[in-house]
Every structure is written in C-alpha cells, then in structure tokens.
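Coordinates as given in query.csv (CSV, C-alpha atoms):
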chain,number,residue,atom,x,y,z
A,228,MET,CA,-2.9,69.5,144.3
A,229,ALA,CA,-0.5,72.0,142.8
A,230,ALA,CA,-1.2,73.4,139.3
A,231,ASP,CA,1.3,73.0,136.6
A,232,ARG,CA,3.5,76.1,136.4
A,233,ASN,CA,4.2,77.7,133.1
A,234,ASP,CA,7.3,79.9,133.4
A,235,PRO,CA,8.2,82.2,130.5
A,236,TYR,CA,11.0,81.2,128.2
A,237,GLY,CA,14.4,82.8,128.3
A,238,ASN,CA,15.5,85.0,125.4
A,239,TYR,CA,19.0,83.6,125.3
A,240,ARG,CA,18.4,80.4,123.4
A,241,PHE,CA,17.4,80.7,119.8
A,242,ARG,CA,18.3,79.6,116.3
A,243,LEU,CA,17.8,81.1,112.8
A,244,GLU,CA,16.9,79.5,109.5
A,245,ILE,CA,17.8,81.5,106.4
A,246,ASP,CA,17.1,80.0,102.9
A,247,GLY,CA,20.4,78.8,101.5
A,248,ILE,CA,22.7,80.4,104.2
A,249,ILE,CA,24.4,78.4,106.9
A,250,GLN,CA,25.5,80.8,109.7
A,251,ALA,CA,25.9,79.7,113.3
A,252,GLY,CA,26.5,81.6,116.4
A,253,PHE,CA,24.3,84.7,116.3
A,254,SER,CA,24.7,86.6,119.5
A,255,GLU,CA,21.7,88.8,119.2
A,256,VAL,CA,18.5,88.9,117.2
A,257,THR,CA,16.1,91.9,117.4
A,258,ILE,CA,12.6,91.0,116.2
A,259,PRO,CA,10.9,94.2,115.0
A,260,ASP,CA,7.7,95.7,116.0
A,261,SER,CA,4.5,95.6,113.8
A,262,SER,CA,2.1,98.5,113.8
A,263,CYS,CA,-0.9,99.7,111.8
A,264,GLU,CA,-1.3,103.4,111.1
A,265,ALA,CA,-4.6,104.7,112.6
A,266,VAL,CA,-6.5,106.7,110.0
A,267,ASP,CA,-9.1,109.3,111.0
A,268,VAL,CA,-12.3,108.9,108.9
A,269,ARG,CA,-15.2,111.3,109.1
A,270,SER,CA,-18.6,110.1,108.3
A,271,GLY,CA,-20.9,112.4,106.4
A,272,THR,CA,-23.7,111.6,108.8
A,273,ASP,CA,-21.7,112.3,112.0
A,274,PRO,CA,-20.3,115.9,111.7
A,275,LEU,CA,-18.8,115.9,115.2
A,276,TYR,CA,-16.6,112.8,115.4
A,277,PHE,CA,-13.9,111.0,113.5
A,278,ARG,CA,-13.8,107.2,113.5
A,279,LYS,CA,-10.5,105.3,113.6
A,280,ARG,CA,-9.7,102.8,110.8
A,281,ALA,CA,-6.7,100.6,110.4
A,282,GLY,CA,-4.3,101.9,107.7
A,283,LEU,CA,-1.2,100.3,106.4
A,284,THR,CA,0.7,97.8,108.4
A,285,LYS,CA,4.4,98.7,108.9
A,286,TYR,CA,7.3,96.6,110.2
A,287,GLY,CA,10.7,97.6,111.6
A,288,ASN,CA,13.7,95.7,110.4
A,289,LEU,CA,15.0,92.4,111.7
A,290,VAL,CA,18.5,92.9,113.2
A,291,LEU,CA,21.0,90.1,113.3
A,292,LYS,CA,24.3,90.4,115.2
A,293,TRP,CA,27.2,87.9,115.5
A,294,GLY,CA,30.9,87.7,116.3
A,295,ILE,CA,32.9,88.0,113.2
A,296,THR,CA,34.3,84.7,111.8
A,297,ASP,CA,35.6,83.5,108.4
A,298,SER,CA,32.0,83.2,107.1
A,299,MET,CA,31.2,85.7,104.4
A,300,GLU,CA,27.8,84.5,103.4
A,301,LEU,CA,25.7,87.3,105.0
A,302,TYR,CA,28.1,89.9,103.7
A,303,GLU,CA,28.0,88.4,100.2
A,304,TRP,CA,24.2,88.4,100.3
A,305,ARG,CA,24.3,92.1,101.2
A,306,ARG,CA,26.8,92.8,98.3
A,307,LYS,CA,24.3,91.3,95.8
A,308,ILE,CA,21.7,93.7,97.0
A,309,GLU,CA,24.1,96.6,96.6
A,310,GLN,CA,24.7,95.5,93.0
A,311,GLY,CA,21.0,95.7,92.3
A,312,LEU,CA,20.3,92.0,92.3
A,313,ILE,CA,17.4,92.2,94.8
A,314,LYS,CA,14.8,90.3,92.8
A,315,ASP,CA,16.7,87.0,92.8
A,316,ASN,CA,18.1,87.4,96.4
A,317,ARG,CA,15.0,87.6,98.6
A,318,LYS,CA,14.9,84.9,101.2
A,319,ASN,CA,12.6,83.5,103.8
A,320,ILE,CA,13.9,83.7,107.4
A,321,ALA,CA,12.7,82.0,110.6
A,322,VAL,CA,13.7,82.9,114.2
A,323,ILE,CA,13.0,80.1,116.6
A,324,LEU,CA,12.9,80.4,120.4
A,325,LEU,CA,14.0,77.3,122.2
A,326,ASP,CA,13.3,76.1,125.7
A,327,ASP,CA,16.0,74.9,128.1
A,328,ASP,CA,15.8,71.4,126.7
A,329,GLY,CA,16.4,72.7,123.1
A,330,SER,CA,12.8,72.2,121.9
A,331,ASP,CA,11.2,74.7,119.6
A,332,LYS,CA,8.7,76.9,121.5
A,333,ALA,CA,8.0,80.0,119.4
A,334,ARG,CA,8.7,80.8,115.7
A,335,TRP,CA,8.6,84.0,113.8
A,336,GLU,CA,8.7,83.8,110.0
A,337,PHE,CA,9.7,86.6,107.7
A,338,SER,CA,9.0,86.5,104.0
A,339,SER,CA,10.8,88.0,101.0
A,340,ALA,CA,13.6,89.3,103.2
A,341,TRP,CA,16.8,91.1,102.1
A,342,PRO,CA,19.6,92.8,103.9
A,343,SER,CA,19.1,96.6,103.8
A,344,LYS,CA,22.1,97.5,105.9
A,345,TYR,CA,25.4,96.1,106.9
A,346,ASP,CA,27.4,97.3,109.9
A,347,ALA,CA,31.1,96.2,110.2
A,348,PRO,CA,32.6,95.8,113.7
A,349,ASP,CA,34.2,98.8,115.5
A,350,MET,CA,37.8,98.3,116.4
A,351,ASN,CA,39.6,99.4,119.6
A,352,ALA,CA,43.1,98.4,120.5
A,353,LYS,CA,42.4,99.1,124.1
A,354,GLY,CA,39.4,96.7,124.2
A,355,SER,CA,38.9,93.0,124.7
A,356,GLU,CA,35.4,92.5,123.3
A,357,VAL,CA,34.5,90.3,120.4
A,358,ALA,CA,34.3,92.0,117.1
A,359,VAL,CA,30.6,92.1,116.1
A,360,GLU,CA,29.0,92.4,112.6
A,361,SER,CA,25.4,93.1,112.1
A,362,VAL,CA,22.8,93.3,109.3
A,363,GLU,CA,19.4,94.8,109.2
A,364,ILE,CA,16.9,92.8,107.2
A,365,ALA,CA,13.9,94.3,105.5
A,366,PHE,CA,11.0,92.0,104.6
A,367,GLU,CA,7.4,91.8,103.3
A,368,THR,CA,5.5,90.0,106.0
A,369,MET,CA,6.1,88.8,109.6
A,370,GLU,CA,4.0,86.0,111.2
A,371,ARG,CA,4.3,84.4,114.7
A,372,LYS,CA,3.7,80.7,114.7
A,373,ALA,CA,3.3,78.6,117.8

Is it possible to express this structure as structure tokens?
Amino acid sequence: MAADRNDPYGNYRFRLEIDGIIQAGFSEVTIPDSSCEAVDVRSGTDPLYFRKRAGLTKYGNLVLKWGITDSMELYEWRRKIEQGLIKDNRKNIAVILLDDDGSDKARWEFSSAWPSKYDAPDMNAKGSEVAVESVEIAFETMERKA
C-alpha cells in the first residue's frame, strides 16, 4: 500500500491581510529572517571557556512588491509615517500561503507593523516590464501559525 505523499507547497500562491487596507495583486512578498544574537558569557567558576546565551531577537523587514495601479492606500500609509504619525498607524499584517486548491496552508503574522521605506518604480522607455512599487515593513513580532 502506497503511503500518502506530502509535496511542498509552491511559493507562487499567497494573499495578504493588512488591517484596514484593501490591496490586491501583490507580485512578491519577502518574509524576513529572524535571528538571536549569540552572547558570550564567562562564568567565574570556569576561567577557560565562554558559554553562549541567546541575546536580543532581531527581524529583517517584510518586503511587499506589486504592479502599480490607481490604489494609493499603501503609499498614503507610508506618508502618514513620514509625517510623524506612527503611533496611530501601526497595523497587523498576515501573509498566508495557499495550496493549489486555494486553501490556507501556512500563515505568518506580523504585529505593530509600519512602512519604513517606499520604493517607486523605475521607468525605462525601452522596456516592456510592469512598473513595480514596493514597501518595506518594520514590525515588532513575527509568528508562524499552521
């Protein structure tokens, strides 16, 4: 009898949930890494060796890319941050990986997020590519669910 096969999910089918922002059609999402700084600690009773302890947890930024449309919601969110209105403009974000049937299979949640960088599209009259905008999102915590 053949065992059930569990193939890995493709990275091409996903959706985003951003508090209060409706934006469809993201072409790329880069989920950041998470790392803990290793801190050397020397014990007074062991003069020859250091021990490693976990230090601060650090996260990279979440990066969202999409083909430019008439939607200005993400840009306007960034503008509020530029105006110093960060306290009232933190949002929670979820990135959801879907299977081929469109069912949720993995979820990453980001808390107290805010756009730290906006990148407008590059223009080239000789090209035929889609104009792409992007934002980098800083956040407090990241958690994988499911």

Exercise: region 345-350 of chain A partners within 6 Å, only C-alpha atoms, chain neighbours under 2 positions left out, as an mmCIF file with C-alpha atoms, in the coordinates of the input:
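The result, written out as result14.cif:
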data_model
loop_
_atom_site.group_PDB
_atom_site.id
_atom_site.type_symbol
_atom_site.label_atom_id
_atom_site.label_comp_id
_atom_site.auth_asym_id
_atom_site.auth_seq_id
_atom_site.Cartn_x
_atom_site.Cartn_y
_atom_site.Cartn_z
ATOM 1 C CA ALA A 358 34.300 92.000 117.100
ATOM 2 C CA VAL A 359 30.600 92.100 116.100
ATOM 3 C CA GLU A 360 29.000 92.400 112.600
ATOM 4 C CA SER A 361 25.400 93.100 112.100
ATOM 5 C CA VAL A 362 22.800 93.300 109.300
#

What separates CA of Leu243 (chain A) and CA of Lys285 (chain A) is a distance of 22.5 Å

For a quick check of understanding, using only C-alpha atoms, which of A:Ser261, A:Asp267, A:Ser330, A:Thr296 has the smallest distance to Phe366 (chain A)?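 Looking only at the distances to Phe366 (chain A), the closest residue turns out to be A:Ser261.
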
Counting all atoms listed in the file, which residues in region 298-355 of chain A sit no more than 12 Å from region 251-258 of chain A? For each one, give the nearest pair of atoms and the distance in Å, sorted by chain then residue number, as JSON lines.
{"residue": "A:Ser298", "atom": "CA", "partner": "A:Ala251", "partner_atom": "CA", "distance": 9.4}
{"residue": "A:Met299", "atom": "CA", "partner": "A:Ala251", "partner_atom": "CA", "distance": 12.0}
{"residue": "A:Glu300", "atom": "CA", "partner": "A:Ala251", "partner_atom": "CA", "distance": 11.2}
{"residue": "A:Leu301", "atom": "CA", "partner": "A:Ala251", "partner_atom": "CA", "distance": 11.3}
{"residue": "A:Ile320", "atom": "CA", "partner": "A:Ile258", "partner_atom": "CA", "distance": 11.5}
{"residue": "A:Ala321", "atom": "CA", "partner": "A:Ile258", "partner_atom": "CA", "distance": 10.6}
{"residue": "A:Val322", "atom": "CA", "partner": "A:Val256", "partner_atom": "CA", "distance": 8.2}
{"residue": "A:Ile323", "atom": "CA", "partner": "A:Val256", "partner_atom": "CA", "distance": 10.4}
{"residue": "A:Leu324", "atom": "CA", "partner": "A:Val256", "partner_atom": "CA", "distance": 10.7}
{"residue": "A:Arg334", "atom": "CA", "partner": "A:Ile258", "partner_atom": "CA", "distance": 10.9}
{"residue": "A:Trp335", "atom": "CA", "partner": "A:Ile258", "partner_atom": "CA", "distance": 8.4}
{"residue": "A:Glu336", "atom": "CA", "partner": "A:Ile258", "partner_atom": "CA", "distance": 10.3}
{"residue": "A:Phe337", "atom": "CA", "partner": "A:Ile258", "partner_atom": "CA", "distance": 10.0}

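Take the candidates A:Pro259, A:Ala373, A:Ala340, A:Lys292 and check each one against Lys314 (chain A) using only C-alpha atoms; the shortest distance goes to A:Ala340.
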
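With CA of Leu325 (chain A) on one side and CA of Arg371 (chain A) on the other, the separation reads 14.2 Å.
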
One decimal, Å: what's the distance from CA of Arg280 (chain A) over to CA of Cys263 (chain A), could you say? 9.4 Å

Quick one: residues within 7 Å of Gly282 (chain A), only C-alpha atoms counted, chain neighbours fewer than 3 positions away excluded, as a list in words? Cys263, Glu264, Ala265 and Val266 of chain A

Pick out the closest residue to Lys307 (chain A) from this set: A:Pro342, A:Gly247, A:Gly271, A:Gly237. Count only C-alpha atoms.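 Using only C-alpha atoms, Lys307 (chain A) sits closest to A:Pro342.
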
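Distances to Ile308 (chain A) were evaluated for A:Ser355, A:Thr272, A:Ser343, A:Gln250 using all atoms listed in the file, and the minimum falls at A:Ser343.
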
Counting only C-alpha atoms, which residue out of A:Leu289, A:Val357, A:Ala333, A:Ile248 sits closest to Tyr302 (chain A)? A:Ile248

Could you please fill out region 309-326 of chain A with N, CA and C atoms and send it back as a tab-separated table (two decimals), in the frame of the given file?
chain	number	residue	atom	x	y	z
A	309	GLU	N	23.46	95.36	97.03
A	309	GLU	CA	24.10	96.60	96.60
A	309	GLU	C	24.34	96.67	95.13
A	310	GLN	N	24.51	95.52	94.49
A	310	GLN	CA	24.70	95.50	93.00
A	310	GLN	C	23.40	95.47	92.26
A	311	GLY	N	22.29	95.63	92.98
A	311	GLY	CA	21.00	95.70	92.30
A	311	GLY	C	20.32	94.41	92.02
A	312	LEU	N	20.82	93.32	92.60
A	312	LEU	CA	20.30	92.00	92.30
A	312	LEU	C	19.25	91.57	93.37
A	313	ILE	N	18.35	92.46	93.72
A	313	ILE	CA	17.40	92.20	94.80
A	313	ILE	C	16.36	91.16	94.44
A	314	LYS	N	15.86	91.16	93.20
A	314	LYS	CA	14.80	90.30	92.80
A	314	LYS	C	15.11	88.80	93.07
A	315	ASP	N	16.31	88.39	92.71
A	315	ASP	CA	16.70	87.00	92.80
A	315	ASP	C	17.35	86.66	94.19
A	316	ASN	N	17.40	87.63	95.10
A	316	ASN	CA	18.10	87.40	96.40
A	316	ASN	C	17.20	87.65	97.58
A	317	ARG	N	15.91	87.59	97.41
A	317	ARG	CA	15.00	87.60	98.60
A	317	ARG	C	14.97	86.22	99.17
A	318	LYS	N	14.94	86.17	100.49
A	318	LYS	CA	14.90	84.90	101.20
A	318	LYS	C	13.88	84.88	102.27
A	319	ASN	N	13.51	83.69	102.70
A	319	ASN	CA	12.60	83.50	103.80
A	319	ASN	C	13.49	83.22	105.06
A	320	ILE	N	13.11	83.80	106.19
A	320	ILE	CA	13.90	83.70	107.40
A	320	ILE	C	12.92	83.23	108.53
A	321	ALA	N	13.42	82.39	109.43
A	321	ALA	CA	12.70	82.00	110.60
A	321	ALA	C	13.57	82.22	111.83
A	322	VAL	N	13.02	82.82	112.88
A	322	VAL	CA	13.70	82.90	114.20
A	322	VAL	C	12.93	82.01	115.12
A	323	ILE	N	13.64	81.07	115.73
A	323	ILE	CA	13.00	80.10	116.60
A	323	ILE	C	13.51	80.21	118.00
A	324	LEU	N	12.60	80.39	118.94
A	324	LEU	CA	12.90	80.40	120.40
A	324	LEU	C	12.89	79.03	120.92
A	325	LEU	N	13.92	78.65	121.68
A	325	LEU	CA	14.00	77.30	122.20
A	325	LEU	C	13.85	77.34	123.74
A	326	ASP	N	13.37	76.23	124.29
A	326	ASP	CA	13.30	76.10	125.70
A	326	ASP	C	14.65	75.59	126.25
